[in-house]
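Visitor: data.cif (mmCIF, C-alpha atoms) pasted underneath:
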data_start
loop_
_atom_site.label_atom_id
_atom_site.label_comp_id
_atom_site.auth_asym_id
_atom_site.auth_seq_id
_atom_site.Cartn_x
_atom_site.Cartn_y
_atom_site.Cartn_z
CA MET W 1 11.02 48.41 -28.74
CA TYR W 2 12.79 46.81 -25.81
CA LYS W 3 16.20 48.23 -24.97
CA ARG W 4 18.94 47.63 -22.44
CA VAL W 5 20.09 51.03 -21.18
CA ARG W 6 22.55 52.32 -18.60
CA LEU W 7 20.93 54.80 -16.21
CA LYS W 8 21.79 56.80 -13.11
CA ASP W 9 19.41 57.55 -10.28
CA THR W 10 19.32 58.19 -6.56
CA VAL W 11 17.92 55.63 -4.18
CA GLU W 12 17.01 56.01 -0.50
CA VAL W 13 18.28 53.21 1.73
CA PRO W 14 16.14 52.93 4.89
CA PRO W 15 17.96 52.98 8.27
CA GLU W 16 17.31 49.27 8.94
CA HIS W 17 19.33 48.35 5.81
CA LEU W 18 22.32 50.66 6.28
CA ALA W 19 24.50 47.87 7.68
CA ASP W 20 24.35 46.04 4.34
CA VAL W 21 24.32 48.47 1.40
CA SER W 22 24.98 45.90 -1.33
CA PRO W 23 24.31 45.87 -5.09
CA GLU W 24 21.47 43.39 -4.45
CA LEU W 25 19.79 45.74 -1.96
CA VAL W 26 20.21 48.77 -4.23
CA LYS W 27 18.86 46.76 -7.19
CA ARG W 28 15.75 45.76 -5.21
CA LEU W 29 15.18 49.36 -4.07
CA LEU W 30 15.64 50.67 -7.63
CA GLN W 31 13.19 48.06 -8.94
CA ASP W 32 10.59 49.15 -6.36
CA LYS W 33 11.14 52.79 -7.30
CA LEU W 34 11.39 52.60 -11.08
CA GLU W 35 9.56 49.57 -12.50
CA GLY W 36 6.49 50.67 -14.41
CA ARG W 37 7.54 54.32 -14.45
CA MET W 38 7.29 56.10 -17.80
CA ASP W 39 9.98 58.48 -18.95
CA GLU W 40 9.99 60.45 -22.23
CA GLU W 41 13.70 59.68 -22.75
CA VAL W 42 13.81 55.90 -22.11
CA GLY W 43 10.15 54.79 -22.16
CA SER W 44 8.77 52.44 -19.52
CA VAL W 45 11.21 50.77 -17.13
CA VAL W 46 10.48 47.05 -17.21
CA THR W 47 13.18 45.94 -14.76
CA VAL W 48 16.55 46.84 -13.29
CA THR W 49 19.10 44.15 -14.18
CA ASP W 50 22.57 45.05 -12.88
CA VAL W 51 23.94 47.64 -10.47
CA HIS W 52 27.42 48.78 -11.54
CA ASP W 53 28.33 51.58 -9.18
CA ILE W 54 27.04 52.82 -5.83
CA GLY W 55 28.29 56.26 -4.86
CA GLU W 56 28.89 57.76 -1.44
CA GLY W 57 25.83 58.04 0.76
CA ALA W 58 24.34 61.44 1.57
CA VAL W 59 22.18 62.36 4.54
CA VAL W 60 19.30 64.76 3.96
CA PRO W 61 18.00 66.75 6.95
CA ASN W 62 14.70 65.48 8.36
CA ARG W 63 14.87 62.27 6.31
CA PRO W 64 15.64 58.95 8.04
CA GLY W 65 17.38 57.16 5.15
CA VAL W 66 20.67 57.67 3.38
CA TYR W 67 20.65 58.59 -0.31
CA TYR W 68 23.01 56.85 -2.75
CA ASN W 69 23.65 57.67 -6.39
CA ALA W 70 23.71 54.46 -8.42
CA GLU W 71 24.63 53.55 -11.96
CA PHE W 72 22.74 50.53 -13.29
CA ASP W 73 21.41 48.70 -16.34
CA ALA W 74 17.70 48.47 -17.00
CA ILE W 75 15.43 46.88 -19.57
CA THR W 76 13.01 49.46 -20.96
CA PHE W 77 10.14 49.45 -23.42
CA ASP W 78 10.15 52.55 -25.60
CA PRO W 79 7.48 52.47 -28.32
CA GLN W 80 8.76 54.24 -31.44
CA MET W 81 6.66 56.08 -34.01
CA GLN W 82 5.91 53.90 -37.06
CA GLU W 83 7.19 50.77 -35.27
CA VAL W 84 5.29 47.58 -36.10
CA VAL W 85 4.30 45.76 -32.93
CA ASP W 86 2.53 42.52 -32.08
CA GLY W 87 0.14 42.49 -29.16
CA GLU W 88 -2.97 40.99 -27.69
CA VAL W 89 -6.41 42.58 -27.49
CA VAL W 90 -7.03 43.21 -23.79
CA GLU W 91 -10.31 45.13 -24.01
CA VAL W 92 -12.92 45.84 -26.66
CA VAL W 93 -15.06 48.99 -26.42
CA ASN W 94 -17.53 50.69 -28.76
CA PHE W 95 -14.82 52.94 -30.26
CA GLY W 96 -12.10 50.31 -30.75
CA ALA W 97 -9.82 47.84 -29.03
CA PHE W 98 -7.04 48.24 -26.50
CA VAL W 99 -4.01 46.17 -27.43
CA GLY W 100 -1.34 45.17 -24.89
CA ILE W 101 2.06 45.94 -26.42
CA GLY W 102 4.74 45.23 -23.86
CA PRO W 103 3.99 46.88 -20.53
CA VAL W 104 1.58 49.44 -22.04
CA ASP W 105 -1.69 49.37 -23.97
CA GLY W 106 -2.31 51.08 -27.29
CA LEU W 107 -5.67 52.07 -28.76
CA LEU W 108 -6.64 50.54 -32.08
CA HIS W 109 -9.53 52.85 -33.01
CA VAL W 110 -12.40 51.18 -34.86
CA SER W 111 -11.63 53.34 -37.91
CA GLN W 112 -8.06 51.97 -37.94
CA ILE W 113 -8.93 48.26 -37.82
CA SER W 114 -10.50 47.63 -41.22
CA ASP W 115 -12.06 49.33 -44.23
CA GLU W 116 -15.25 47.44 -43.41
CA TYR W 117 -17.84 48.72 -40.96
CA LEU W 118 -17.34 47.02 -37.59
CA ALA W 119 -20.26 46.91 -35.17
CA PHE W 120 -19.70 46.69 -31.42
CA ASP W 121 -21.25 43.63 -29.79
CA GLU W 122 -21.32 44.60 -26.10
CA GLU W 123 -22.66 41.24 -24.92
CA ASN W 124 -19.74 39.29 -26.45
CA GLN W 125 -17.18 42.10 -26.10
CA GLN W 126 -16.24 42.07 -29.77
CA LEU W 127 -16.19 44.12 -32.95
CA ALA W 128 -17.78 42.29 -35.87
CA SER W 129 -18.13 42.85 -39.62
CA ARG W 130 -21.38 41.91 -41.29
CA ASP W 131 -19.75 41.75 -44.74
CA SER W 132 -16.88 39.31 -44.16
CA ASN W 133 -17.94 37.84 -40.78
CA ARG W 134 -14.59 38.88 -39.32
CA VAL W 135 -14.57 39.32 -35.54
CA LEU W 136 -12.07 41.01 -33.20
CA THR W 137 -12.35 40.02 -29.56
CA VAL W 138 -10.37 39.92 -26.30
CA GLY W 139 -7.39 37.58 -26.54
CA ASP W 140 -6.88 37.98 -30.30
CA ALA W 141 -3.29 38.47 -31.48
CA VAL W 142 -2.86 41.64 -33.55
CA ARG W 143 -0.07 43.23 -35.60
CA ALA W 144 -0.27 47.03 -35.76
CA ARG W 145 1.81 50.14 -36.40
CA ILE W 146 2.32 52.90 -33.81
CA VAL W 147 1.01 56.16 -35.28
CA THR W 148 0.69 58.44 -32.24
CA LYS W 149 2.49 58.60 -28.92
CA SER W 150 1.87 60.89 -25.96
CA ILE W 151 3.78 59.94 -22.80
CA ASP W 152 2.63 61.34 -19.44
CA GLU W 153 5.54 60.90 -17.02
CA ARG W 154 3.54 62.00 -13.96
CA ASN W 155 0.62 59.64 -14.61
CA PRO W 156 1.86 56.75 -16.77
CA ARG W 157 -1.68 55.36 -17.02
CA ASP W 158 -2.66 58.57 -18.84
CA SER W 159 -0.06 57.94 -21.57
CA LYS W 160 -1.63 57.38 -24.96
CA ILE W 161 -0.41 55.25 -27.84
CA GLY W 162 -2.42 55.16 -31.06
CA LEU W 163 -2.27 52.18 -33.42
CA THR W 164 -3.37 51.39 -36.97
CA ALA W 165 -3.91 48.03 -38.63
CA LYS W 166 -5.27 49.19 -41.99
CA GLN W 167 -2.07 48.75 -44.01
CA VAL W 168 -1.04 45.60 -45.85
CA GLY W 169 0.50 43.04 -43.48
CA LEU W 170 -1.24 44.46 -40.43
CA GLY W 171 -4.32 43.27 -38.56
CA LYS W 172 -5.52 40.30 -36.59
CA HIS W 173 -3.11 37.38 -37.01
CA GLY W 174 -5.93 35.07 -38.13
CA TRP W 175 -6.94 37.54 -40.85
CA LEU W 176 -3.33 37.82 -42.03
CA GLU W 177 -3.11 34.02 -42.29
CA GLU W 178 -6.35 33.94 -44.33
CA GLU W 179 -4.86 36.50 -46.72
CA ARG W 180 -1.64 34.45 -47.08
CA GLN W 181 -3.63 31.32 -47.85
CA LYS W 182 -5.74 33.16 -50.47
CA ARG W 183 -2.59 34.50 -52.18
CA ALA W 184 -0.98 31.04 -52.10
CA ALA W 185 -4.10 29.45 -53.61
CA SER W 186 -4.27 32.03 -56.39
CA GLY W 187 -0.53 31.70 -57.14
CA ASP W 188 0.52 35.22 -56.09
#
Rewrite the structure from the file as structure tokens, please.

Guide:
Amino acid sequence: MYKRVRLKDTVEVPPEHLADVSPELVKRLLQDKLEGRMDEEVGSVVTVTDVHDIGEGAVVPNRPGVYYNAEFDAITFDPQMQEVVDGEVVEVVNFGAFVGIGPVDGLLHVSQISDEYLAFDEENQQLASRDSNRVLTVGDAVRARIVTKSIDERNPRDSKIGLTAKQVGLGKHGWLEEERQKRAASGD
């Protein structure tokens, strides 16, 4: 879920920029510092939008810059448990598919894609069913539910989000459309 949140943080202004400590400069420095960072409280910081308040600068011994406390708005992505998300398959591996949901990827394990057996086709980078001829490949749009979440603030790339698409209304968008058309044809 994307959110607009008000945050506070400290930013170091390098000596060459001390003559012009403006909201635009502080915003740029905060963006460099925070964008892409994962935090258990707010999720992943997508961007800093507005700087509201810049406090008094503080000098730290043996550090060349001046440190300012700032209050600002940011757009964050915080995946919630049981949230239904739409994403795109970014990688297919023998144990499932990685789905890009916002700025992070979630794992859609092969056991959570379908009740059918899906075989991994390494050459074509896809998971395929022999029974229904359904195929999941890179670039496919998918709707899934978040079922596990483990955020690693120190190493955001090690954060893990688990997805499922086995419930009604979840799965590859093309498969969902096929199901809608079948129900419409049968009068349901």

Visitor: Pick from W:Leu18, W:Ile161, W:Ala97, W:Leu30: nearest to Met81 in chain W, with all atoms listed in the file counted?

Guide: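 Closest to Met81 in chain W, using all atoms listed in the file: W:Ile161.
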
Visitor: I need the output of the PyMOL selection byres ((chain W and resi 91) around 12) for this file as an MDAnalysis selection string; which residues are they?

Guide: chainID W and resid 87:90 92:100 105:109 122 124:127 136:140

Visitor: For the provided coordinates, the residues matched by the PyMOL selection byres ((chain W and resi 54-57) around 8) should be stated as a compact mmCIF listing (two decimals) with C-alpha atoms, keeping the file's coordinate frame.

Guide:
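Saved the output as part15.txt:
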# COMPACT_ATOMS: atom_id res chain seq x y z
CA PRO W 23 24.31 45.87 -5.09
CA VAL W 51 23.94 47.64 -10.47
CA HIS W 52 27.42 48.78 -11.54
CA ASP W 53 28.33 51.58 -9.18
CA ALA W 58 24.34 61.44 1.57
CA VAL W 59 22.18 62.36 4.54
CA VAL W 66 20.67 57.67 3.38
CA TYR W 67 20.65 58.59 -0.31
CA TYR W 68 23.01 56.85 -2.75
CA ASN W 69 23.65 57.67 -6.39
CA ALA W 70 23.71 54.46 -8.42
CA GLU W 71 24.63 53.55 -11.96

Visitor: List the residues matched by the PyMOL selection byres ((chain W and resi 150) around 10) in the displayed structure as a ChimeraX atom specification, ordered by chain and then by residue number.

Guide: /W:40,148-149,151-153,158-162

Visitor: Identify which of the residues W:Val142, W:Leu170, W:Val46, W:Ala185 lies closest to Gln31 in chain W, counting only C-alpha atoms when measuring atom-to-atom distances.

Guide: W:Val46

Visitor: How far is it from CA of Val21 in chain W to CA of Thr47 in chain W, in Å with one decimal?

Guide: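 For CA of Val21 in chain W relative to CA of Thr47 in chain W, the distance reads 19.8 Å.
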
Visitor: Take range 156-171 of chain W, model N, CA and C atoms, and hand the result over as an mmCIF file, in the coordinates of the input.

Guide:
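Wrote it out as out.cif, contents follow:
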data_model
loop_
_atom_site.group_PDB
_atom_site.id
_atom_site.type_symbol
_atom_site.label_atom_id
_atom_site.label_comp_id
_atom_site.auth_asym_id
_atom_site.auth_seq_id
_atom_site.Cartn_x
_atom_site.Cartn_y
_atom_site.Cartn_z
ATOM 1 N N PRO W 156 1.624 57.662 -15.648
ATOM 2 C CA PRO W 156 1.860 56.750 -16.770
ATOM 3 C C PRO W 156 0.591 56.143 -17.346
ATOM 4 N N ARG W 157 -0.437 55.951 -16.522
ATOM 5 C CA ARG W 157 -1.680 55.360 -17.020
ATOM 6 C C ARG W 157 -2.407 56.311 -17.977
ATOM 7 N N ASP W 158 -2.049 57.599 -17.935
ATOM 8 C CA ASP W 158 -2.660 58.570 -18.840
ATOM 9 C C ASP W 158 -1.891 58.683 -20.160
ATOM 10 N N SER W 159 -0.802 57.943 -20.307
ATOM 11 C CA SER W 159 -0.060 57.940 -21.570
ATOM 12 C C SER W 159 -0.951 57.335 -22.650
ATOM 13 N N LYS W 160 -0.786 57.853 -23.866
ATOM 14 C CA LYS W 160 -1.630 57.380 -24.960
ATOM 15 C C LYS W 160 -0.770 56.944 -26.138
ATOM 16 N N ILE W 161 -1.079 55.756 -26.659
ATOM 17 C CA ILE W 161 -0.410 55.250 -27.840
ATOM 18 C C ILE W 161 -1.499 54.864 -28.833
ATOM 19 N N GLY W 162 -1.432 55.449 -30.026
ATOM 20 C CA GLY W 162 -2.420 55.160 -31.060
ATOM 21 C C GLY W 162 -1.854 54.173 -32.065
ATOM 22 N N LEU W 163 -2.687 53.238 -32.504
ATOM 23 C CA LEU W 163 -2.270 52.180 -33.420
ATOM 24 C C LEU W 163 -3.133 52.198 -34.676
ATOM 25 N N THR W 164 -2.590 51.642 -35.757
ATOM 26 C CA THR W 164 -3.370 51.390 -36.970
ATOM 27 C C THR W 164 -3.074 49.982 -37.452
ATOM 28 N N ALA W 165 -4.075 49.371 -38.064
ATOM 29 C CA ALA W 165 -3.910 48.030 -38.630
ATOM 30 C C ALA W 165 -4.487 47.979 -40.043
ATOM 31 N N LYS W 166 -4.625 49.140 -40.688
ATOM 32 C CA LYS W 166 -5.270 49.190 -41.990
ATOM 33 C C LYS W 166 -4.308 48.945 -43.156
ATOM 34 N N GLN W 167 -3.028 48.933 -42.919
ATOM 35 C CA GLN W 167 -2.070 48.750 -44.010
ATOM 36 C C GLN W 167 -1.858 47.265 -44.294
ATOM 37 N N VAL W 168 -1.330 46.974 -45.460
ATOM 38 C CA VAL W 168 -1.040 45.600 -45.850
ATOM 39 C C VAL W 168 -0.078 44.969 -44.857
ATOM 40 N N GLY W 169 -0.365 43.754 -44.430
ATOM 41 C CA GLY W 169 0.500 43.040 -43.480
ATOM 42 C C GLY W 169 0.184 43.329 -42.035
ATOM 43 N N LEU W 170 -0.836 44.147 -41.796
ATOM 44 C CA LEU W 170 -1.240 44.460 -40.430
ATOM 45 C C LEU W 170 -2.656 43.972 -40.188
ATOM 46 N N GLY W 171 -2.977 43.701 -38.923
ATOM 47 C CA GLY W 171 -4.320 43.270 -38.560
ATOM 48 C C GLY W 171 -4.280 42.083 -37.616
#
